[in-house]
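Worksheet: the structure to be examined is printed underneath.
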Amino acid sequence: LMHHYQTRQPRATVRYTTAEAFTNEFITAVRANKIDAFRKSYRRVELLCIDDVHFLANKEATQTELMHTLDAVGLDGARVAFASDESPRDIRKLSEKLVSRFMSGMVARIDAPDPELRVKLVRHLAQRRSLRLEETAVKLIAERSMRSVGSIGGYGGSVRELEGLIIQVEAVHRLLPEFAGGTGAIGAILVRKAFGLQES
């Protein structure tokens, strides 16, 4: 979302944070008597993205500050996007006002990517990290991410989890470069080593 928006609006001020980081910054600003600076950093934006909104549960002061922030950016015509592990209605101890505000926009469930998309995502995420992967390695990472949620060693297949798997492969590649293929690209052998899988 952020990348797409910045591509279309290259001069726009975009702010991405997690609910935990927002909370920590808010607490620090209050303690340091720098609340005005904190508010300016969040309210002078064209797009505000906050991830892991479920973290705000039971944090009344932070929820109130977020409501004020939403009011302020809304008056300036900014766009706001939130992400959470659960529907706003299902987040326990979230204020009714905040739930109402979240529900007043578009609420969309985003399912884990299908197998074909996972392969494309692995290629894209690896390319972003300047990692060269052989096709067998791409498929192995995508397959590994397809394990069902809750299974032993399962990942669930979200984009974040795919990125985590690629970071894991990259770390092993840096530690054990001798396991890379003859072309210098990362192959299935190194990926299996990274995931602790037996040779097939």
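Simple scheme: letters A, B, ... for chains in structure tokens order, numbers from 1 for residues in each chain, numbers from 1 for ligands in the order shown.
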
Tell me, as JSON, numbers by chain, which residues lie within 10 Å of Ser158 (chain A), counting only C-alpha atoms; anything in the same chain fewer than 2 positions away does not count.
-> {"A": [110, 111, 112, 113, 114, 118, 145, 146, 155, 156, 160, 161, 162, 163, 164]}

Ala12 (chain A) environment, 9 Å, only C-alpha atoms, sequence neighbours closer than 4 positions dropped, as a ChimeraX atom specification | /A:5-6,45-47

Could the residues in this selection be saved with N, CA and C atoms as a short mmCIF file (atom, residue, chain, number, x, y, z; two decimals), in the first residue's frame?
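Ended up saving to out-v2.cif:
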```
data_model
loop_
_atom_site.label_atom_id
_atom_site.label_comp_id
_atom_site.auth_asym_id
_atom_site.auth_seq_id
_atom_site.Cartn_x
_atom_site.Cartn_y
_atom_site.Cartn_z
N TYR A 5 1.26 3.88 -3.05
CA TYR A 5 0.88 5.27 -2.84
C TYR A 5 2.04 6.21 -3.16
N GLN A 6 3.25 5.85 -2.69
CA GLN A 6 4.41 6.70 -2.93
C GLN A 6 4.81 6.73 -4.39
N VAL A 45 0.83 14.39 7.68
CA VAL A 45 1.05 13.33 6.71
C VAL A 45 -0.10 13.26 5.72
N GLU A 46 0.19 12.67 4.56
CA GLU A 46 -0.87 12.39 3.59
C GLU A 46 -1.38 10.96 3.72
N LEU A 47 -0.51 10.09 4.25
CA LEU A 47 -0.90 8.69 4.48
C LEU A 47 -0.28 8.23 5.79
#
```

For Thr136 (chain A), list every protein, DNA or RNA residue within 12 Å, evaluated using only C-alpha atoms, and leave out those in the same chain fewer than 3 positions away; present the list as a PyMOL selection string.
-> chain A and resi 119+122-123+132-133+139-143+181+185-192

Assign secondary structure with DSSP using the backbone only, and return the residues of region 11-168 of chain A in strand (DSSP E or B) as a ChimeraX atom specification.
-> /A:14-18,47-51,79-82,133

Shell around Ala57 (chain A) at 9 Å using only C-alpha atoms, local window under 4 positions removed, as a PyMOL selection string = chain A and resi 53+63+91-95

If you keep N, CA, C and O atoms, can you produce a file of those selected residues as a PDB file, in the first residue's frame?
```
ATOM      1  N   VAL A  53      -2.556  -3.204  15.176  1.00  0.00           N
ATOM      2  CA  VAL A  53      -3.457  -2.368  15.981  1.00  0.00           C
ATOM      3  C   VAL A  53      -3.957  -3.108  17.219  1.00  0.00           C
ATOM      4  O   VAL A  53      -4.253  -2.483  18.243  1.00  0.00           O
ATOM      5  N   GLN A  63      -5.024   4.915  23.132  1.00  0.00           N
ATOM      6  CA  GLN A  63      -6.212   4.884  22.283  1.00  0.00           C
ATOM      7  C   GLN A  63      -6.809   6.286  22.132  1.00  0.00           C
ATOM      8  O   GLN A  63      -7.208   6.683  21.040  1.00  0.00           O
ATOM      9  N   ILE A  91     -11.172  -7.239  18.895  1.00  0.00           N
ATOM     10  CA  ILE A  91     -10.047  -6.840  19.739  1.00  0.00           C
ATOM     11  C   ILE A  91     -10.598  -6.465  21.109  1.00  0.00           C
ATOM     12  O   ILE A  91     -11.340  -5.499  21.252  1.00  0.00           O
ATOM     13  N   ARG A  92     -10.252  -7.244  22.107  1.00  0.00           N
ATOM     14  CA  ARG A  92     -10.767  -7.006  23.453  1.00  0.00           C
ATOM     15  C   ARG A  92     -10.167  -5.741  24.045  1.00  0.00           C
ATOM     16  O   ARG A  92      -9.029  -5.402  23.777  1.00  0.00           O
ATOM     17  N   LYS A  93     -10.966  -5.037  24.818  1.00  0.00           N
ATOM     18  CA  LYS A  93     -10.547  -3.830  25.531  1.00  0.00           C
ATOM     19  C   LYS A  93     -10.058  -2.737  24.593  1.00  0.00           C
ATOM     20  O   LYS A  93      -9.107  -2.016  24.880  1.00  0.00           O
ATOM     21  N   LEU A  94     -10.721  -2.633  23.438  1.00  0.00           N
ATOM     22  CA  LEU A  94     -10.503  -1.520  22.520  1.00  0.00           C
ATOM     23  C   LEU A  94     -11.724  -0.626  22.653  1.00  0.00           C
ATOM     24  O   LEU A  94     -12.852  -1.114  22.651  1.00  0.00           O
ATOM     25  N   SER A  95     -11.515   0.671  22.784  1.00  0.00           N
ATOM     26  CA  SER A  95     -12.632   1.579  23.045  1.00  0.00           C
ATOM     27  C   SER A  95     -13.683   1.507  21.943  1.00  0.00           C
ATOM     28  O   SER A  95     -13.353   1.293  20.771  1.00  0.00           O
TER      29      SER A  95
END
```

Best match for closeness to Arg174 (chain A) among A:Val159, A:Val80, A:Leu98, A:Leu131, counting only C-alpha atoms | A:Leu131

Report the residues of region 116-150 of chain A whose backbone DSSP state falls under alpha helix (DSSP H), written as a PDB file with C-alpha atoms, in the first residue's frame.
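This went into out-v9.pdb:
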```
ATOM      1  CA  GLU A 116       1.331 -19.386  -7.203  1.00  0.00           C
ATOM      2  CA  LEU A 117       1.443 -16.001  -5.496  1.00  0.00           C
ATOM      3  CA  ARG A 118       3.808 -17.335  -2.819  1.00  0.00           C
ATOM      4  CA  VAL A 119       6.316 -18.307  -5.504  1.00  0.00           C
ATOM      5  CA  LYS A 120       6.094 -14.811  -7.015  1.00  0.00           C
ATOM      6  CA  LEU A 121       6.461 -13.252  -3.570  1.00  0.00           C
ATOM      7  CA  VAL A 122       9.554 -15.334  -2.793  1.00  0.00           C
ATOM      8  CA  ARG A 123      11.156 -14.145  -6.043  1.00  0.00           C
ATOM      9  CA  HIS A 124      10.220 -10.529  -5.352  1.00  0.00           C
ATOM     10  CA  LEU A 125      11.331 -10.525  -1.702  1.00  0.00           C
ATOM     11  CA  ALA A 126      14.627 -12.219  -2.574  1.00  0.00           C
ATOM     12  CA  GLN A 127      15.258  -9.715  -5.361  1.00  0.00           C
ATOM     13  CA  ARG A 128      14.608  -6.849  -2.940  1.00  0.00           C
ATOM     14  CA  GLU A 135      14.250 -21.969  -9.083  1.00  0.00           C
ATOM     15  CA  THR A 136      14.447 -25.077  -6.888  1.00  0.00           C
ATOM     16  CA  ALA A 137      15.222 -22.833  -3.903  1.00  0.00           C
ATOM     17  CA  VAL A 138      12.308 -20.518  -4.720  1.00  0.00           C
ATOM     18  CA  LYS A 139       9.907 -23.449  -4.849  1.00  0.00           C
ATOM     19  CA  LEU A 140      11.260 -24.983  -1.645  1.00  0.00           C
ATOM     20  CA  ILE A 141      10.823 -21.715   0.288  1.00  0.00           C
ATOM     21  CA  ALA A 142       7.296 -21.288  -1.105  1.00  0.00           C
ATOM     22  CA  GLU A 143       6.409 -24.895  -0.217  1.00  0.00           C
ATOM     23  CA  ARG A 144       7.854 -24.526   3.273  1.00  0.00           C
ATOM     24  CA  SER A 145       5.629 -21.471   3.840  1.00  0.00           C
TER      25      SER A 145
END
```

Name the residues in contact with Ala83 (chain A) at a cut-off of 7 Å, using only C-alpha atoms, excluding same-chain residues fewer than 2 positions from it; report them as an NGL selection string.
-> :A and (50-53 or 81)
